[in-house]
Each structure stands twice: as structure tokens, then as C-alpha cells.
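For reference, the structure is listed below as C-alpha cells.
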Amino acid sequence: MTNFLYTIIIYPIVEIIELIFVFSQKVFKTPGISVLAIGGAISILTLPLYAVAEKWQQLERYIQKRLAPDIAKIKAVFKGDEQYMILSTYYRQNHYHPVYTLRSTFGLLIQIPFFIAAYSYLSHLDALKGASFLFITDLGAPDALISFHDGGINILPIIMTLINIIAGAIYTRGFPLKDKIQLYGMALIFLVLLYNSPAGLVIYWTLNNIFSLLKNLYYAIPLKNKAKILLAALSVCCLFMVYYLLAVHKGNIKVRANLSALFGMIALVPLLLPFLRCLITKLPRIASSPRETMIRFLLSFGALALLTGIFLPSMLIVSSPQEFSFIDSYTTPLFFVANTAAQAAGLLLFWPLCLFFLFSEKVKKAFAVAGFVLCIGALCNCFLFPGNYGLISVNLVFDNGVSHPWNESLMNASFIFVISAAAVFLFFIQRTYRAVPVVITIVLISLGGFSVVNITGIQREFKKLQASWQGDYAEITAVEPIFQLSKTGKNTIVFMLDRAMSIFVRYILEESPDLAEKFSGFVYYPNTVSFNGYTRLGSPPIFGGYEYTPIEMMKRSDVPMVEKHNEALLLMPRIFSDVGYEVTVADQPYQNYSQKPDPSIYAPYPEITPRTTNEQYTNIWIKEHDIPLPSESGVLKRNMLWYSLFRVSPLAFRQGIYLLGDWCSPFLGQKLLLFLKGYAELDYLPELTGFDAKKENVALILNNNTTHEPSLLQVPEYRPVLAVTNYGEGRFKKEAAFHTNMAAWKRLAEWFDYLKAADVYDNTRIILVADHGASQNFLGRQIGIPFDIEQFNPLLLVKDFDAEGNLKTDNTFMSNADVPAIAFAGLIENPVNPFTGNPVNMDMKKDPLYISVTGSIHVTQGSDNVLDVRGDYYVRDGDIYNPANWSKAGE
């Protein structure tokens, strides 16, 4: 219950504080200034609340002063129950109740949730630890400005308290003693609470007290046009920020431009106030009761909460429920929907409702209009401007990143402005005003219905996964050999590196020439093509050969796609095991079309040993390297709401919300955590490899995701660190995909050194291959090929038995479907597919190969046996970077 209340009440404020901190850091790069920005922004945002609180407190003081003489007389004359009855009657006659005395404490009550939020965020913020500001050496620790040999005195909390007392003295002039005692008592309580707190937190609360002092002076000093002066000061501050961002700051121009536009709009508020006052003045002309206004308000903000808290998270998770299942201690993915729903309810229902009830009927009607406009705008952004960001990982990182050309953002902004203006106009027409609840109710029912469908689908898929979930996936606590090789026989290793890029090889070897020697005996095939740009259809040819290319699988329409996919994964293990090899497989992709490992496909073949390594060694690696990374479930719990807000935001704000996958978080390790799921296994390969094979010959068929998750790493060794300080000097020093490919090469080189030291390198055939490349647009469109050919140019390296010499290059036309034939060459004579009876060879390469280059082949369900093929190409034997060797399918 406590966690639920925290999520509803405190968490929205924490996220606002974090948002302010992140963007202040982007602008000023100084944690101290960012803390000041939090204090200033929160003080400004809460000014309306304090204004309402001041009115209530003045009203309460006036009423108590008016009633005090009569109350004193009653208390002097009557005692006991009689006094109580007469006082109750007196209060009722004057339309007053003793509970109204709470209004006098409203100003203090407002501070409580903001204090808890600031305390929970700033007191544990890593960015403050060790950061200095002015005369403070460490914002993450008590200031200890006066120090002794065995301790010190924290000065900042004392200064904070003095400012608080001065502000209280100004505010309580002429007040009864009990009111003064209340304020001074609160000042002392905050002194005790914050005395040993981090200096950053104390600075925030000190600035909050300074704003209180200025606010009290504002009310105490008699000036004309106070409101105009205040708004003018706000505008000047915002215009200064616009100047600083555009003329002084040297950061990302798009982020600077968007922030400048935001501050510019705030600076225009004084000019817009007459228009807003006119709107609010006209709103009461609409014949509606307070109840009708509240209904419109609740429906609008309820629709927003439903859209962001349930509909969008469930839409994301239902696309791949298995990926969101069994994450840390959370089994069902529905937990993340429920958690996001609670967060959205706090941000878009609880706090808006609190504000709604504080203000007058005129302002309440304005809130109802604002809610309707926000709701319509959010729906338009979500469904009419979804954006094309590619696939999204379970850690909510987009494949293609987030960027929009200025004309697209302008078109979106113009459209939203027109729609918002139309929505406001509807409120001033009596007939359409009456229809607003009907429209929003239809939206609510639609969103609710689709959400129910999504949740049902999630639960159905989760139950399927739960039925096959086994104890093999329990957390591994030690790194021990699980891949056994033979020292006397033949070892064949097929190692798929998901999305490893061939085009990077040249630059990898230029930067680290020593790798050519470490990859001794290998032959690099740069002229290699893959059959699809994604793993689900790009990987079957690697494991099953040409019979499992997309076009060949489509021809066998009588067999479900999931069955054909499993056949491909089983082909090499079965053929090797049938001739007496010791076979181990690990992390083969989409077993049973499951996002999670499902080794049940190997159950009929006990001679094949399945292993699961992806994600299994991440926690061990993190603990060993002492990097404070968040848990995967923690990342999801925080970022899912930001993902929803991203989807309903205008295009101009999405890049700032996404923030290169950090989702408005100051923490740098969210994407790194995704990378480590595969990298930890690669880094531990020497420890995972033993030489006690039970049989003479061994086949290892492995898959690793290191190269699939781009992440900037620490040069020169390309190792994961929380904050990269050395990016290198090459062409791709800030290219995360290059960094992860380089890391894979270096870790594999260390593994090869280990194999050489154990004298098992020469008797081992190793095939390194990728299912596809990545869309980098280095050459494809530049040389006249109408797609990013790098996505269909996978890595292919082959080291044969007893091969020697530095890494060589062979420009022979190859495809990743050649892998099974290469793996069997010289070991198994005339290998045959155990499922179809057809020979496993490269004969199909004699004809042009059918390549699904558009990525438009979708396998939506495991039972599908028909592929949706649109706009694909053929490539013939020759240079794949020569446009003449490509032809449009069907032409």
C-alpha cells in the first residue's frame, strides 16, 4: 500500500524533478547549477498552489478573527457537553466547521510531497557524488564547511534555517503566537531532518526557502501591478535562457533549438494573458453546472491516463510478450502494465484533480478545456504521427534512433495547433460543448476495449511461455566450463554474431592491425549477402542452409513457419550428432518462435546438449567489475511511462524525451545493461570453455548478441564502463555499432589466444557469421543501390583446420546460407537434410539469390505458413556492391 501511495503521489514529482535536472545538465553541465534549476523551477511551478494556499489562510484568519469574541463568550459561560452543543450550533449558523482550521496549514502541507520527492531523488543521486560547486567540495555529502580533526559543522543547513526563520518572521507579522510557533517549529524540524543530508539536497531546500522569502516580501511590500512585474521578470529570465542556448551554449543544435522554443513560448505568457483572461471570462457563459465541468475534466484526463498508462504499454508488450516475461523477480509482463498505469494515474489524474479542486469555477472550466485539448492532441500525435524508429528492444531502445526533419516537425506542430484551436472553439458552441463528453466517452471505450484485447493477448502468450519455462533458467552464480572441446579430435564451431557488420572489418584492422595475427588462419569474405535484414528470417539460412531461405520456406506452404524454423536450428546438430559428434548448442535464435530460450525443441534428441548463456552471466559480470547498473526491471518500471509520453508528444519534443535511449534519465547505464547481456558471455568465453569432451569430435553451435546492441565503449580495449572518457580517434569514434563490433573482435581474439595456449586452435574449424548487418547508409544509396546494402552484408569469417598465416581476404561471392556446407566439408560426406531428405550444399547459389531487402517479409505468428513478400530483389554472382548485379524481383 505504501508503494502504491508513493507511486501515485510522490513519483510524479520525482519524475518532474529528474526531468529538470537532466535538461539542466544538458545545458549547463554542472550538477550544482542543475540543483539550483530544480529549486527555481519547482518554486515557480508551485506558485499557483501557494497563491491558493495564501487565499485560504487569509480567509481562515479572517473568519477566526470575526468569530473569536463570540466563541470566547460561549466558552466563558458554558462548560462540557452544553458548550459543545452551543459551539456546534454557532458554527453551523455561521457556515463554519472546526475542520476548516486545516486551511491555515495548507501552505505547510504543500511542502510535504515536494520535500519527500526531492529527498528521495537528490539524497541518492550519483551525479552529485564527488561533484563540487562554488565553495562546496562534494554535493553528495554533508558540506562540513567548518571542520575539525574529528568532525565538523555543516553550515548550509544552518543558513537554510535562518532564511526560513526570516521568511517566517516576515510572513507572520501580526499573526497569533501559535501561528508563529508553528512556522518556527517547522524550520527547526527541517534543520534536524537535513543537517546530515547531502549538500545538494540542502542547497535545493535553501533555494526553496529563498523563494519563500521573496514571495513573502512580494506580498508584504505595497507595490502596484505586482503580477505584471513578476511576469516581466519571468519573461526576462526565459529570454536570457534563449540567448544563452543559441549564442553561448555549444551543445546539440536540435536540443538547443527545442529548449529555446520552449523558453520562448514561456516568455510570451504575459502577452497571451489578456487572451487567456478573455477565454476564462467567456467560459462561464456556457451553461454548465460544476458537476458537468468536473465530468468533462475527469473524462479528458481519464482518457489521457488510460492512453499512456494502459493502452500504449499493453500495445508495446503484446507485440512480444515473451521478451517482457520472467524479468528479474517479475514473472508476468502484466506487472509492467499495472505499474505504468499507477504512475500515469498519479501524473494525469491525482495531481490534476488536486489542482482542479483548489481553484474557482472559472478556472475549473479552463482546466476542462485544457484537458480536452491535451487529450485530442495526444491522440493525434499517437495515431497520426507514430514515427518510424525501427524495432525496439526490451530495454526500450530503438534500432533507428529518434530524429525528425524540421519540415516534418513543423507540419506536426501546425496540425496540432489547428486541432487544438478547433477543440477550444468547440467549447464555445453550446451544441458541440454538450457533445464533448460523448466524444471522450467513445474514446475511453475504444481505448479500454483495445487495452482489454491487448492484456488478454499478453496473458495468453505468457501462459504458453510459463508452461514451457524450466529450471534451467535459474540465475547462474559462478562461471564454469560449459563448452567442452576435444584436444585430439576435430572441433567445429559455428558462431553467429547477431548483426555483426562486414563493412567495419577494414576499419577494425586499420585501427588494430594486431588482430590480423590473432585471427590467424581466418579468411574474411567481404562479398557476402544475407537473405533478410532481420534475425527471424535472416538466421535460418545460417543453421539450415539454402532450403531455409525466405523464398524456399515459402514454397513449403504445407509446413508451418515455426516448424520450418525449428528444422533449420536442428539441422546441423542432428547431422553432427548422427555421426557421433558431441554437440552443444547455445542461444539459437527464436526457438519455437519464442523470444525466450525454449530448449524443448531438443527434447527428442538427448544427444544434443542445449545451453542458455544470454543474460545468464550479466549480474556476475556487473558484480565483478563493480559497475552500479540498474536492474532490467528497474529500467522498465521507470521508462515505460516515458515511452508512453514519448508516443503522445509532438515530434519536436520526442528526441529530447528519448535522449539517445536514456529516456530523460541522468543515469548512463540503461543501454549498457542491454549490451552486457551478450557481452558478458563473450568476455567469459575462456572461463566457459573446457577441454574434457567425452567424444572424439565436437560441434559447438553458438549465438551471441554483443554486436546487436550498440554501445559506446572505453578505447583502446573497447570495454564497458559507466562513463566513457576515451572514444578513440578513428572515423567511427562516436559510432556505437563500430564500438560493439570492435569489442566482439577483441574478446574473440582473447578466446583464440586461450585456445592456442591449450593447443586446440589448429584442430578446430571456426565459422564466424552474422544473420544480417545494420542499416548505416555508408555506401548503398551512394553507389546507386536503392537500399542500405550494409544491412544485407553480414560478417563471414572462416578458419579451417590447421590453417595458418595472418587473416586473409577472399572476394568470392558468398551467402550466410553457405555455412552448413562449409561446416560439414571434409567431415561428413554428402550430408542430407534429415527433415526433407535433400542434400545440403551450395548448388542454389548458381542461380540468382532471392533477397528480401525491404524488410517487408513479416512472420506475425508461429503458425503462419505464408510470407508477405513485397518489393524484393535478386542478386547474382558477382560484387554485391555493384548495382548491375541487382535486379528487382518480378521484373
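Identifiers in the C-alpha cells: chain A, B, ... in order shown; residue index from 1 per chain; ligand index from 1 in order shown.
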What's the 10 Å shell around range 676-686 of chain A, counting only C-alpha atoms, without same-chain residues fewer than 2 positions away, as a count of residues only?
-> 47
Could you list, with a cut-off of 12 Å and counting only C-alpha atoms, the residues of range 535-649 of chain A near range 6-15 of chain A, each shown with its nearest atom pair and the distance in Å rounded to one decimal, rows sorted by chain and ascending number, as CSV?
residue,atom,partner,partner_atom,distance
A:Lys637,CA,A:Thr7,CA,10.9
A:Arg638,CA,A:Glu15,CA,9.1
A:Asn639,CA,A:Glu15,CA,10.6
A:Leu641,CA,A:Glu15,CA,10.2
A:Trp642,CA,A:Glu15,CA,9.5
What separation in Å, quoted to one decimal, exists between CA of Ser775 in chain A and CA of Gln791 in chain A?
->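 If I compute the distance from CA of Ser775 in chain A to CA of Gln791 in chain A, I get 4.8 Å.
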Tell me, counting only C-alpha atoms, for each residue of range 293-318 of chain A within 12 Å of range 390-394 of chain A, which pair of atoms is nearest and how far apart they are in Å to one decimal, in rows ordered by chain and increasing number, as JSON lines.
{"residue": "A:Pro313", "atom": "CA", "partner": "A:Val394", "partner_atom": "CA", "distance": 12.0}
{"residue": "A:Leu316", "atom": "CA", "partner": "A:Ile392", "partner_atom": "CA", "distance": 9.1}
{"residue": "A:Ile317", "atom": "CA", "partner": "A:Val394", "partner_atom": "CA", "distance": 9.0}
Generate the output file for the selected residues, N, CA and C atoms, as a JSON list (two decimals), in the first residue's frame.
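Saved file again-v1.json follows:
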[["chain", "number", "residue", "atom", "x", "y", "z"],
["A", 313, "PRO", "N", 1.40, 0.96, -23.14],
["A", 313, "PRO", "CA", 2.25, -0.13, -22.62],
["A", 313, "PRO", "C", 1.79, -1.51, -23.06],
["A", 316, "LEU", "N", 2.71, -2.14, -26.66],
["A", 316, "LEU", "CA", 4.12, -2.47, -26.79],
["A", 316, "LEU", "C", 4.39, -3.91, -26.37],
["A", 317, "ILE", "N", 3.87, -4.30, -25.22],
["A", 317, "ILE", "CA", 4.18, -5.62, -24.68],
["A", 317, "ILE", "C", 3.51, -6.73, -25.48]]
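Of the residues under consideration (A:Lys756, A:Ile789, A:Ser520, A:Ser34), A:Ser520 shows the shortest atom-to-atom contact distance to Ala803 in chain A when counting only C-alpha atoms.
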Identify which of the residues A:Tyr546, A:Phe133, A:Tyr507, A:Phe576 lies closest to Phe732 in chain A, counting only C-alpha atoms when measuring atom-to-atom distances.
-> A:Tyr507
Neighbours of Ala368 in chain A within 10 Å (only C-alpha atoms; same-chain residues fewer than 3 positions away dropped), as number ranges by chain?
-> A: 292-301, 356, 363-365, 371-374, 427
Using 10 Å as the limit and counting only C-alpha atoms, can you tabulate each residue of range 556-594 of chain A that touches range 820-832 of chain A, with its shortest atom-to-atom distance in Å and the two atoms involved, as CSV?
residue,atom,partner,partner_atom,distance
A:Leu571,CA,A:Pro820,CA,8.6
A:Met572,CA,A:Pro820,CA,6.7
A:Ile575,CA,A:Pro831,CA,7.3
A:Phe576,CA,A:Ile828,CA,8.2
A:Val579,CA,A:Ile828,CA,8.0
Keeping only all heavy atoms, take the residues you just selected and write them out as an mmCIF file, in the first residue's frame.
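Dumped to out_8.cif:
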data_model
loop_
_atom_site.group_PDB
_atom_site.id
_atom_site.type_symbol
_atom_site.label_atom_id
_atom_site.label_comp_id
_atom_site.auth_asym_id
_atom_site.auth_seq_id
_atom_site.Cartn_x
_atom_site.Cartn_y
_atom_site.Cartn_z
ATOM 1 N N LEU A 571 19.101 -28.710 -37.896
ATOM 2 C CA LEU A 571 19.756 -29.424 -38.992
ATOM 3 C C LEU A 571 21.203 -29.767 -38.670
ATOM 4 O O LEU A 571 21.597 -30.956 -38.712
ATOM 5 C CB LEU A 571 19.677 -28.581 -40.276
ATOM 6 C CG LEU A 571 20.252 -29.259 -41.527
ATOM 7 C CD1 LEU A 571 19.390 -28.955 -42.741
ATOM 8 C CD2 LEU A 571 21.695 -28.788 -41.813
ATOM 9 N N MET A 572 22.042 -28.832 -38.376
ATOM 10 C CA MET A 572 23.455 -29.126 -38.096
ATOM 11 C C MET A 572 23.621 -29.974 -36.831
ATOM 12 O O MET A 572 24.401 -30.942 -36.848
ATOM 13 C CB MET A 572 24.259 -27.827 -38.009
ATOM 14 C CG MET A 572 24.589 -27.219 -39.362
ATOM 15 S SD MET A 572 25.871 -25.922 -39.292
ATOM 16 C CE MET A 572 24.989 -24.595 -38.512
ATOM 17 N N ILE A 575 22.697 -33.618 -37.775
ATOM 18 C CA ILE A 575 23.640 -34.272 -38.692
ATOM 19 C C ILE A 575 24.947 -34.580 -37.979
ATOM 20 O O ILE A 575 25.510 -35.683 -38.128
ATOM 21 C CB ILE A 575 23.867 -33.386 -39.943
ATOM 22 C CG1 ILE A 575 22.583 -33.310 -40.773
ATOM 23 C CG2 ILE A 575 25.017 -33.931 -40.784
ATOM 24 C CD1 ILE A 575 22.664 -32.390 -41.967
ATOM 25 N N PHE A 576 25.442 -33.644 -37.181
ATOM 26 C CA PHE A 576 26.682 -33.901 -36.447
ATOM 27 C C PHE A 576 26.488 -35.006 -35.409
ATOM 28 O O PHE A 576 27.342 -35.900 -35.262
ATOM 29 C CB PHE A 576 27.160 -32.622 -35.751
ATOM 30 C CG PHE A 576 28.007 -31.726 -36.614
ATOM 31 C CD1 PHE A 576 27.593 -30.434 -36.909
ATOM 32 C CD2 PHE A 576 29.213 -32.167 -37.129
ATOM 33 C CE1 PHE A 576 28.369 -29.597 -37.699
ATOM 34 C CE2 PHE A 576 30.005 -31.343 -37.920
ATOM 35 C CZ PHE A 576 29.577 -30.047 -38.215
ATOM 36 N N VAL A 579 26.498 -38.667 -36.622
ATOM 37 C CA VAL A 579 27.776 -39.312 -36.971
ATOM 38 C C VAL A 579 28.708 -39.370 -35.762
ATOM 39 O O VAL A 579 29.917 -39.558 -35.912
ATOM 40 C CB VAL A 579 28.466 -38.578 -38.146
ATOM 41 C CG1 VAL A 579 27.630 -38.692 -39.413
ATOM 42 C CG2 VAL A 579 28.739 -37.118 -37.807
#
Enumerate as a PyMOL selection string all residues of range 566-732 of chain A assigned to strand (DSSP E or B) by DSSP on the backbone, naming them with the chain letters and numbers the document uses.
-> chain A and resi 582-586+608-611+689-690+698-704+714+719
Give me a file of those residues, with N, CA, C and O atoms, as a PDB file, in the first residue's frame.
ATOM      1  N   GLU A 582      29.957 -34.948 -30.332  1.00  0.00           N
ATOM      2  CA  GLU A 582      29.398 -34.369 -29.114  1.00  0.00           C
ATOM      3  C   GLU A 582      28.914 -32.958 -29.470  1.00  0.00           C
ATOM      4  O   GLU A 582      29.719 -32.096 -29.835  1.00  0.00           O
ATOM      5  N   VAL A 583      27.621 -32.728 -29.367  1.00  0.00           N
ATOM      6  CA  VAL A 583      27.033 -31.494 -29.887  1.00  0.00           C
ATOM      7  C   VAL A 583      26.474 -30.651 -28.728  1.00  0.00           C
ATOM      8  O   VAL A 583      25.700 -31.149 -27.902  1.00  0.00           O
ATOM      9  N   THR A 584      26.873 -29.401 -28.701  1.00  0.00           N
ATOM     10  CA  THR A 584      26.324 -28.434 -27.755  1.00  0.00           C
ATOM     11  C   THR A 584      25.832 -27.219 -28.545  1.00  0.00           C
ATOM     12  O   THR A 584      26.536 -26.725 -29.429  1.00  0.00           O
ATOM     13  N   VAL A 585      24.629 -26.783 -28.229  1.00  0.00           N
ATOM     14  CA  VAL A 585      24.084 -25.586 -28.862  1.00  0.00           C
ATOM     15  C   VAL A 585      23.777 -24.564 -27.759  1.00  0.00           C
ATOM     16  O   VAL A 585      23.472 -24.934 -26.626  1.00  0.00           O
ATOM     17  N   ALA A 586      23.860 -23.278 -28.113  1.00  0.00           N
ATOM     18  CA  ALA A 586      23.592 -22.238 -27.114  1.00  0.00           C
ATOM     19  C   ALA A 586      22.916 -21.041 -27.764  1.00  0.00           C
ATOM     20  O   ALA A 586      23.399 -20.509 -28.771  1.00  0.00           O
ATOM     21  N   ILE A 608      21.913 -34.115 -28.015  1.00  0.00           N
ATOM     22  CA  ILE A 608      22.215 -32.696 -28.222  1.00  0.00           C
ATOM     23  C   ILE A 608      22.057 -31.976 -26.881  1.00  0.00           C
ATOM     24  O   ILE A 608      21.022 -32.080 -26.230  1.00  0.00           O
ATOM     25  N   THR A 609      23.084 -31.241 -26.479  1.00  0.00           N
ATOM     26  CA  THR A 609      23.051 -30.528 -25.193  1.00  0.00           C
ATOM     27  C   THR A 609      22.754 -29.043 -25.422  1.00  0.00           C
ATOM     28  O   THR A 609      23.582 -28.336 -26.010  1.00  0.00           O
ATOM     29  N   PRO A 610      21.588 -28.564 -24.990  1.00  0.00           N
ATOM     30  CA  PRO A 610      21.299 -27.127 -25.139  1.00  0.00           C
ATOM     31  C   PRO A 610      21.786 -26.344 -23.920  1.00  0.00           C
ATOM     32  O   PRO A 610      21.704 -26.805 -22.787  1.00  0.00           O
ATOM     33  N   ARG A 611      22.287 -25.159 -24.181  1.00  0.00           N
ATOM     34  CA  ARG A 611      22.724 -24.255 -23.120  1.00  0.00           C
ATOM     35  C   ARG A 611      22.068 -22.885 -23.318  1.00  0.00           C
ATOM     36  O   ARG A 611      21.761 -22.495 -24.441  1.00  0.00           O
ATOM     37  N   THR A 689      35.003 -22.260 -21.443  1.00  0.00           N
ATOM     38  CA  THR A 689      35.492 -23.298 -22.353  1.00  0.00           C
ATOM     39  C   THR A 689      36.406 -24.269 -21.616  1.00  0.00           C
ATOM     40  O   THR A 689      37.369 -23.861 -20.955  1.00  0.00           O
ATOM     41  N   GLY A 690      36.099 -25.539 -21.741  1.00  0.00           N
ATOM     42  CA  GLY A 690      36.929 -26.591 -21.172  1.00  0.00           C
ATOM     43  C   GLY A 690      37.407 -27.541 -22.261  1.00  0.00           C
ATOM     44  O   GLY A 690      37.043 -27.416 -23.432  1.00  0.00           O
ATOM     45  N   VAL A 698      33.802 -32.815 -31.749  1.00  0.00           N
ATOM     46  CA  VAL A 698      32.878 -31.898 -31.079  1.00  0.00           C
ATOM     47  C   VAL A 698      32.318 -30.892 -32.080  1.00  0.00           C
ATOM     48  O   VAL A 698      33.035 -30.427 -32.982  1.00  0.00           O
ATOM     49  N   ALA A 699      31.034 -30.565 -31.900  1.00  0.00           N
ATOM     50  CA  ALA A 699      30.418 -29.468 -32.656  1.00  0.00           C
ATOM     51  C   ALA A 699      29.778 -28.501 -31.666  1.00  0.00           C
ATOM     52  O   ALA A 699      28.972 -28.915 -30.821  1.00  0.00           O
ATOM     53  N   LEU A 700      30.179 -27.246 -31.755  1.00  0.00           N
ATOM     54  CA  LEU A 700      29.563 -26.184 -30.949  1.00  0.00           C
ATOM     55  C   LEU A 700      28.830 -25.238 -31.898  1.00  0.00           C
ATOM     56  O   LEU A 700      29.415 -24.751 -32.869  1.00  0.00           O
ATOM     57  N   ILE A 701      27.574 -24.977 -31.620  1.00  0.00           N
ATOM     58  CA  ILE A 701      26.785 -24.064 -32.450  1.00  0.00           C
ATOM     59  C   ILE A 701      26.247 -22.985 -31.520  1.00  0.00           C
ATOM     60  O   ILE A 701      25.353 -23.240 -30.701  1.00  0.00           O
ATOM     61  N   LEU A 702      26.803 -21.778 -31.637  1.00  0.00           N
ATOM     62  CA  LEU A 702      26.582 -20.728 -30.666  1.00  0.00           C
ATOM     63  C   LEU A 702      25.962 -19.494 -31.329  1.00  0.00           C
ATOM     64  O   LEU A 702      26.068 -19.299 -32.539  1.00  0.00           O
ATOM     65  N   ASN A 703      25.368 -18.673 -30.488  1.00  0.00           N
ATOM     66  CA  ASN A 703      24.832 -17.395 -30.935  1.00  0.00           C
ATOM     67  C   ASN A 703      25.100 -16.362 -29.840  1.00  0.00           C
ATOM     68  O   ASN A 703      24.975 -16.662 -28.654  1.00  0.00           O
ATOM     69  N   ASN A 704      25.458 -15.143 -30.247  1.00  0.00           N
ATOM     70  CA  ASN A 704      25.757 -14.098 -29.277  1.00  0.00           C
ATOM     71  C   ASN A 704      25.241 -12.760 -29.787  1.00  0.00           C
ATOM     72  O   ASN A 704      25.296 -12.477 -30.975  1.00  0.00           O
ATOM     73  N   GLN A 714      34.935   1.978 -23.813  1.00  0.00           N
ATOM     74  CA  GLN A 714      36.198   2.642 -23.471  1.00  0.00           C
ATOM     75  C   GLN A 714      37.327   2.128 -24.363  1.00  0.00           C
ATOM     76  O   GLN A 714      37.686   0.953 -24.337  1.00  0.00           O
ATOM     77  N   ARG A 719      36.046  -1.769 -23.783  1.00  0.00           N
ATOM     78  CA  ARG A 719      35.387  -2.449 -22.677  1.00  0.00           C
ATOM     79  C   ARG A 719      34.285  -1.553 -22.100  1.00  0.00           C
ATOM     80  O   ARG A 719      34.375  -0.321 -22.162  1.00  0.00           O
TER      81      ARG A 719
END
Looking only at the backbone, which of the residues in range 578-694 of chain A does DSSP tag as alpha helix (DSSP H), as a PyMOL selection string?
-> chain A and resi 578+618-625+632-648+651-658+670-683+685-688
For the residues in the current selection, export C-alpha atoms as a compact mmCIF listing (two decimals), in the first residue's frame.
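The resulting file, result25.txt, is shown below:
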# COMPACT_ATOMS: atom_id res chain seq x y z
CA ASP A 578 24.12 -38.72 -36.07
CA THR A 618 25.29 -10.32 -16.65
CA ASN A 619 24.88 -9.99 -12.89
CA ILE A 620 28.14 -11.86 -12.23
CA TRP A 621 29.99 -9.55 -14.62
CA ILE A 622 28.47 -6.40 -13.10
CA LYS A 623 29.36 -7.52 -9.59
CA GLU A 624 32.88 -8.49 -10.60
CA HIS A 625 33.54 -5.15 -12.33
CA GLU A 632 16.38 -4.57 -16.12
CA SER A 633 13.06 -4.48 -14.30
CA GLY A 634 14.04 -1.13 -12.75
CA VAL A 635 14.74 0.30 -16.20
CA LEU A 636 11.37 -0.90 -17.47
CA LYS A 637 9.46 0.34 -14.43
CA ARG A 638 10.87 3.80 -14.94
CA ASN A 639 10.99 4.09 -18.73
CA MET A 640 7.65 2.57 -19.73
CA LEU A 641 5.78 5.74 -18.76
CA TRP A 642 8.32 7.87 -20.60
CA TYR A 643 7.79 5.68 -23.65
CA SER A 644 4.06 6.43 -23.47
CA LEU A 645 4.66 10.16 -23.02
CA PHE A 646 7.03 10.00 -25.98
CA ARG A 647 4.30 8.49 -28.15
CA VAL A 648 1.75 11.19 -27.31
CA LEU A 651 7.57 15.25 -32.91
CA ALA A 652 9.71 18.23 -31.90
CA PHE A 653 9.88 17.01 -28.29
CA ARG A 654 10.46 13.30 -28.93
CA GLN A 655 14.21 13.46 -29.43
CA GLY A 656 14.54 15.29 -26.12
CA ILE A 657 12.36 12.73 -24.32
CA TYR A 658 14.16 9.74 -25.85
CA GLN A 670 20.49 1.84 -19.21
CA LYS A 671 21.70 0.98 -22.73
CA LEU A 672 24.88 -0.53 -21.33
CA LEU A 673 22.79 -3.07 -19.42
CA LEU A 674 21.28 -4.30 -22.69
CA PHE A 675 24.73 -4.63 -24.25
CA LEU A 676 26.07 -6.61 -21.29
CA LYS A 677 23.51 -9.38 -21.75
CA GLY A 678 25.55 -10.76 -24.64
CA TYR A 679 28.92 -9.21 -23.88
CA ALA A 680 29.33 -10.93 -20.50
CA GLU A 681 29.24 -14.35 -22.17
CA LEU A 682 31.75 -13.25 -24.81
CA ASP A 683 34.07 -11.82 -22.15
CA LEU A 685 34.40 -17.38 -23.11
CA PRO A 686 37.82 -18.57 -21.88
CA GLU A 687 36.33 -19.46 -18.49
CA LEU A 688 33.31 -21.08 -20.16
For Ile851 in chain A, work out the shell of residues within 9 Å, counting only C-alpha atoms and skipping chain neighbours fewer than 6 positions away, then give it as a list in words.
-> Val529, Ser530, Phe531, Asn532, Thr549, Pro550, Ile551, Phe792, Asp872, Tyr873, Tyr874, Val875 and Ala889 of chain A
Gap from CA of Phe801 in chain A to CA of Ile542 in chain A - Å, one decimal =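 Interatomic distance here is 20.2 Å.
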Would you mind listing what lies within 8 Å of Leu304 in chain A as a PDB file with all heavy atoms, in the first residue's frame, with only C-alpha atoms counted and same-chain residues fewer than 6 positions away left out?
ATOM      1  N   LEU A 348      -1.482  12.024 -14.227  1.00  0.00           N
ATOM      2  CA  LEU A 348      -2.541  12.569 -15.087  1.00  0.00           C
ATOM      3  C   LEU A 348      -3.937  12.525 -14.471  1.00  0.00           C
ATOM      4  O   LEU A 348      -4.892  12.972 -15.105  1.00  0.00           O
ATOM      5  CB  LEU A 348      -2.544  11.819 -16.417  1.00  0.00           C
ATOM      6  CG  LEU A 348      -1.254  11.970 -17.232  1.00  0.00           C
ATOM      7  CD1 LEU A 348      -1.233  10.984 -18.396  1.00  0.00           C
ATOM      8  CD2 LEU A 348      -1.090  13.392 -17.725  1.00  0.00           C
ATOM      9  N   LEU A 374      -5.558  18.683 -24.572  1.00  0.00           N
ATOM     10  CA  LEU A 374      -4.449  17.743 -24.395  1.00  0.00           C
ATOM     11  C   LEU A 374      -4.810  16.346 -24.865  1.00  0.00           C
ATOM     12  O   LEU A 374      -4.003  15.651 -25.489  1.00  0.00           O
ATOM     13  CB  LEU A 374      -4.036  17.703 -22.923  1.00  0.00           C
ATOM     14  CG  LEU A 374      -3.261  18.908 -22.386  1.00  0.00           C
ATOM     15  CD1 LEU A 374      -3.083  18.796 -20.887  1.00  0.00           C
ATOM     16  CD2 LEU A 374      -1.914  19.038 -23.081  1.00  0.00           C
ATOM     17  N   CYS A 375      -6.025  15.929 -24.574  1.00  0.00           N
ATOM     18  CA  CYS A 375      -6.482  14.597 -24.969  1.00  0.00           C
ATOM     19  C   CYS A 375      -6.512  14.461 -26.490  1.00  0.00           C
ATOM     20  O   CYS A 375      -5.991  13.486 -27.046  1.00  0.00           O
ATOM     21  CB  CYS A 375      -7.866  14.338 -24.377  1.00  0.00           C
ATOM     22  SG  CYS A 375      -8.533  12.707 -24.759  1.00  0.00           S
ATOM     23  N   ALA A 378      -2.932  14.525 -27.864  1.00  0.00           N
ATOM     24  CA  ALA A 378      -2.224  13.266 -27.589  1.00  0.00           C
ATOM     25  C   ALA A 378      -2.675  12.165 -28.539  1.00  0.00           C
ATOM     26  O   ALA A 378      -1.856  11.392 -29.051  1.00  0.00           O
ATOM     27  CB  ALA A 378      -2.457  12.852 -26.142  1.00  0.00           C
TER      28      ALA A 378
END
